[in-house]
Amino acid sequence: MTLTLLGLLGTGLVDPRSAVVHADDPGLTRGDGCFEGCRVRTDGSGRSQVDKLDAHLARMRRSASALQLPFDADEWRVLVDKALAACVTPGEWAMKLLLTRGPAGGTPVGLLTVSALPAEYPRQRRDGIAVATLDRGTAADAFARAPWLLGGVKALSYAVNMAAQREAVRRGAEDVIFVSADGFVLEAPTSSVVWAVGRALFTTPLDGTGILGGTTQQLLFERAAAAGWRTEAARARVADLFAADSLWLVGSVRGPVDVVRIDGVVRARDTARTAEVRTLCGFGRQ
Ligand code: PLP
């Protein structure tokens, strides 16, 4: 991923090659920090906007609070505005906001990066995606009893999520749907799981499951409900995903992509319904 812009909270934009993290920052050595990933769109006249910034900042505030890190949304907005003003080449961009605990004796470090969209996203949006289901090893309600597991917190430590995606590739797929030890559908490593049965949309409940509440899934459900869909957070098993009319992985930067294979078994595509869901999520036609 090419780093186009780099910002430092409290400072502004800096040279993308600048050294901004200390080698002893626990954000680096232990993944002790949190982040957000957002989509930026730049139009033909060089004006940029970031999708659902309020929702991302609200979630980052919750993540920072769970980690006992300070968070000032206004300070982040200043940095985001500087990045948007510098983002002038038309297209889509991936923006990350990162907050690390900071070096020993120092203060937390806030970083903003803007990078090119991952190269595989346009293809996945167009062709759909094959997923492998992987056991995440804990019961669906395990996080209710163990808040220190940081359920729902977008912590910097995504090594498990990345390892799972590599395992998916080893199995001939590209992404993962995590399943609890007792067989319930959870989430994907970087996406929410959403499925449709008729005019009803479903996703995994947040209670106790430890999954991240997705800002895109939330927006989709709000808009879908207004458009007459029924929406529900429901416990489901992999068999329910096979039985569903449509199934998507949904996230901020990639948008919704439809799942065309689960564990090697082909699913029928419903391109009209996927186009409708893409539009509701704020993504145009592919
Ligand atoms: N679940 C996980 C584990 C994620 O990492 C993400 C996003 O990165 C999502 C769900 C989707 O969240 P959002 O729609 O806010 O991007």
# chains A, B, ... in the order shown; residues from 1 in each chain; ligands from 1
$ residues_near_ligand --ligand "ligand 1" --cutoff "7 Å" --atoms "only C-alpha atoms and all ligand atoms" --output "PyMOL selection string"
chain A and resi 37-38+56+154+187-192+211-217+250-253
$ write_last_selection --atoms "C-alpha atoms" --output "mmCIF file, in the first residue's frame"
data_model
loop_
_atom_site.group_PDB
_atom_site.id
_atom_site.type_symbol
_atom_site.label_atom_id
_atom_site.label_comp_id
_atom_site.auth_asym_id
_atom_site.auth_seq_id
_atom_site.Cartn_x
_atom_site.Cartn_y
_atom_site.Cartn_z
ATOM 1 C CA GLY A 37 -9.963 2.987 8.750
ATOM 2 C CA CYS A 38 -12.058 5.318 6.582
ATOM 3 C CA HIS A 56 -15.445 6.784 13.034
ATOM 4 C CA LYS A 154 -10.518 -1.510 17.297
ATOM 5 C CA GLU A 187 -17.439 -11.206 11.766
ATOM 6 C CA ALA A 188 -14.672 -11.062 9.162
ATOM 7 C CA PRO A 189 -11.130 -9.877 9.994
ATOM 8 C CA THR A 190 -11.769 -6.414 8.540
ATOM 9 C CA SER A 191 -15.510 -6.461 7.803
ATOM 10 C CA SER A 192 -18.940 -7.049 9.267
ATOM 11 C CA ILE A 211 -17.229 -8.242 17.435
ATOM 12 C CA LEU A 212 -16.549 -4.717 16.250
ATOM 13 C CA GLY A 213 -19.688 -2.668 15.619
ATOM 14 C CA GLY A 214 -19.301 -1.751 11.946
ATOM 15 C CA THR A 215 -20.011 1.835 10.908
ATOM 16 C CA THR A 216 -20.898 0.700 7.366
ATOM 17 C CA GLN A 217 -23.263 -2.026 8.587
ATOM 18 C CA VAL A 250 -19.168 -4.992 4.636
ATOM 19 C CA GLY A 251 -16.503 -2.441 5.557
ATOM 20 C CA SER A 252 -15.690 1.236 5.189
ATOM 21 C CA VAL A 253 -12.984 1.215 2.543
#
$ residues_around --residues "A:Arg278" --least-positions-apart "5" --cutoff "10 Å" --atoms "only C-alpha atoms" --output "VMD selection string"
chain A and resid 125 220 250 255 to 258 272 to 273 283 to 286
$ residues_around --residues "A:Phe221" --least-positions-apart "2" --cutoff "12 Å" --atoms "only C-alpha atoms" --output "list in words"
Val194, Trp195, Ala196, Arg199, Ala200, Leu201, Phe202, Thr203, Gly214, Thr215, Thr216, Gln217, Gln218, Leu219, Arg223, Ala224, Ala225, Ala226, Ala227, Gly228, Trp229, Arg230, Thr231, Glu232, Ala233, Val250, Val277, Leu280 and Cys281 of chain A
$ write_last_selection --atoms "C-alpha atoms" --output "PDB file, in the first residue's frame"
ATOM      1  CA  VAL A 194     -24.440  -9.089   6.592  1.00  0.00           C
ATOM      2  CA  TRP A 195     -26.925 -11.435   4.925  1.00  0.00           C
ATOM      3  CA  ALA A 196     -30.345 -11.087   3.370  1.00  0.00           C
ATOM      4  CA  ARG A 199     -36.418  -8.101   2.232  1.00  0.00           C
ATOM      5  CA  ALA A 200     -34.800  -8.679   5.645  1.00  0.00           C
ATOM      6  CA  LEU A 201     -31.167  -7.873   6.440  1.00  0.00           C
ATOM      7  CA  PHE A 202     -29.306  -9.595   9.256  1.00  0.00           C
ATOM      8  CA  THR A 203     -25.992  -9.173  11.063  1.00  0.00           C
ATOM      9  CA  GLY A 214     -19.301  -1.751  11.946  1.00  0.00           C
ATOM     10  CA  THR A 215     -20.011   1.835  10.908  1.00  0.00           C
ATOM     11  CA  THR A 216     -20.898   0.700   7.366  1.00  0.00           C
ATOM     12  CA  GLN A 217     -23.263  -2.026   8.587  1.00  0.00           C
ATOM     13  CA  GLN A 218     -24.908   0.508  10.874  1.00  0.00           C
ATOM     14  CA  LEU A 219     -25.368   3.032   8.059  1.00  0.00           C
ATOM     15  CA  ARG A 223     -30.909   3.460   5.352  1.00  0.00           C
ATOM     16  CA  ALA A 224     -32.340   0.011   4.562  1.00  0.00           C
ATOM     17  CA  ALA A 225     -34.918   0.362   7.362  1.00  0.00           C
ATOM     18  CA  ALA A 226     -35.920   3.754   5.942  1.00  0.00           C
ATOM     19  CA  ALA A 227     -36.249   2.087   2.518  1.00  0.00           C
ATOM     20  CA  GLY A 228     -38.620  -0.559   3.870  1.00  0.00           C
ATOM     21  CA  TRP A 229     -36.292  -3.456   4.693  1.00  0.00           C
ATOM     22  CA  ARG A 230     -36.601  -5.311   7.975  1.00  0.00           C
ATOM     23  CA  THR A 231     -33.286  -5.277   9.856  1.00  0.00           C
ATOM     24  CA  GLU A 232     -32.219  -7.536  12.700  1.00  0.00           C
ATOM     25  CA  ALA A 233     -29.157  -8.562  14.699  1.00  0.00           C
ATOM     26  CA  VAL A 250     -19.168  -4.992   4.636  1.00  0.00           C
ATOM     27  CA  VAL A 277     -26.883  -2.631  -0.887  1.00  0.00           C
ATOM     28  CA  LEU A 280     -27.385   2.175   0.502  1.00  0.00           C
ATOM     29  CA  CYS A 281     -23.807   1.997   1.843  1.00  0.00           C
TER      30      CYS A 281
END
$ closest_residue --among "A:Asp245, A:Glu276, A:Glu167, A:Asp270" --to "A:Leu134" --atoms "only C-alpha atoms"
A:Glu167
$ residues_around --residues "A:Ala139" --least-positions-apart "6" --cutoff "10 Å" --atoms "only C-alpha atoms" --output "list in words"
Val179, Ser180, Ala181, Asp182, Gly183, Phe184, Gly208 and Thr209 of chain A
$ write_last_selection --atoms "N, CA and C atoms" --output "tab-separated table (two decimals), in the first residue's frame"
chain	number	residue	atom	x	y	z
A	179	VAL	N	-16.10	-17.91	13.12
A	179	VAL	CA	-17.23	-18.60	13.74
A	179	VAL	C	-16.82	-18.89	15.19
A	180	SER	N	-17.77	-18.73	16.11
A	180	SER	CA	-17.44	-18.98	17.52
A	180	SER	C	-17.26	-20.48	17.74
A	181	ALA	N	-16.64	-20.83	18.89
A	181	ALA	CA	-16.41	-22.25	19.19
A	181	ALA	C	-17.72	-23.01	19.25
A	182	ASP	N	-18.83	-22.34	19.60
A	182	ASP	CA	-20.13	-23.01	19.63
A	182	ASP	C	-20.93	-22.81	18.34
A	183	GLY	N	-20.22	-22.41	17.27
A	183	GLY	CA	-20.82	-22.50	15.94
A	183	GLY	C	-21.59	-21.30	15.43
A	184	PHE	N	-21.44	-20.14	16.08
A	184	PHE	CA	-22.20	-18.97	15.62
A	184	PHE	C	-21.33	-18.03	14.77
A	208	GLY	N	-21.87	-9.44	23.87
A	208	GLY	CA	-21.09	-10.59	24.32
A	208	GLY	C	-20.21	-11.24	23.27
A	209	THR	N	-20.48	-10.94	21.98
A	209	THR	CA	-19.73	-11.63	20.93
A	209	THR	C	-18.33	-11.06	20.75
$ select_by_dssp --residues "stretch 36-261 of chain A" --states "alpha helix (DSSP H)" --output "number ranges by chain"
A: 53-66, 73-86, 121-127, 159-170, 215-226, 238-243
$ atom_distance --atom1 "atom CA of A:Val109" --atom2 "atom CA of A:Val50"
21.7 Å
$ atom_distance --atom1 "atom CA of A:Gly198" --atom2 "atom CA of A:Ala234"
15.2 Å
$ select_by_dssp --residues "stretch 106-231 of chain A" --states "strand (DSSP E or B)" --output "NGL selection string"
:A and (109-116 or 129-135 or 155 or 175-179 or 185 or 188 or 191-197 or 200-203 or 230-231)
$ atom_distance --atom1 "atom CA of A:Thr133" --atom2 "atom CA of A:Met60"
28.0 Å
$ closest_residue --among "A:Phe242, A:Phe178, A:Trp93, A:Phe143" --to "A:Val160" --atoms "only C-alpha atoms"
A:Phe178
$ closest_residue --among "A:Leu53, A:Ala119, A:Val238, A:Ala64" --to "A:Leu150" --atoms "only C-alpha atoms"
A:Ala64
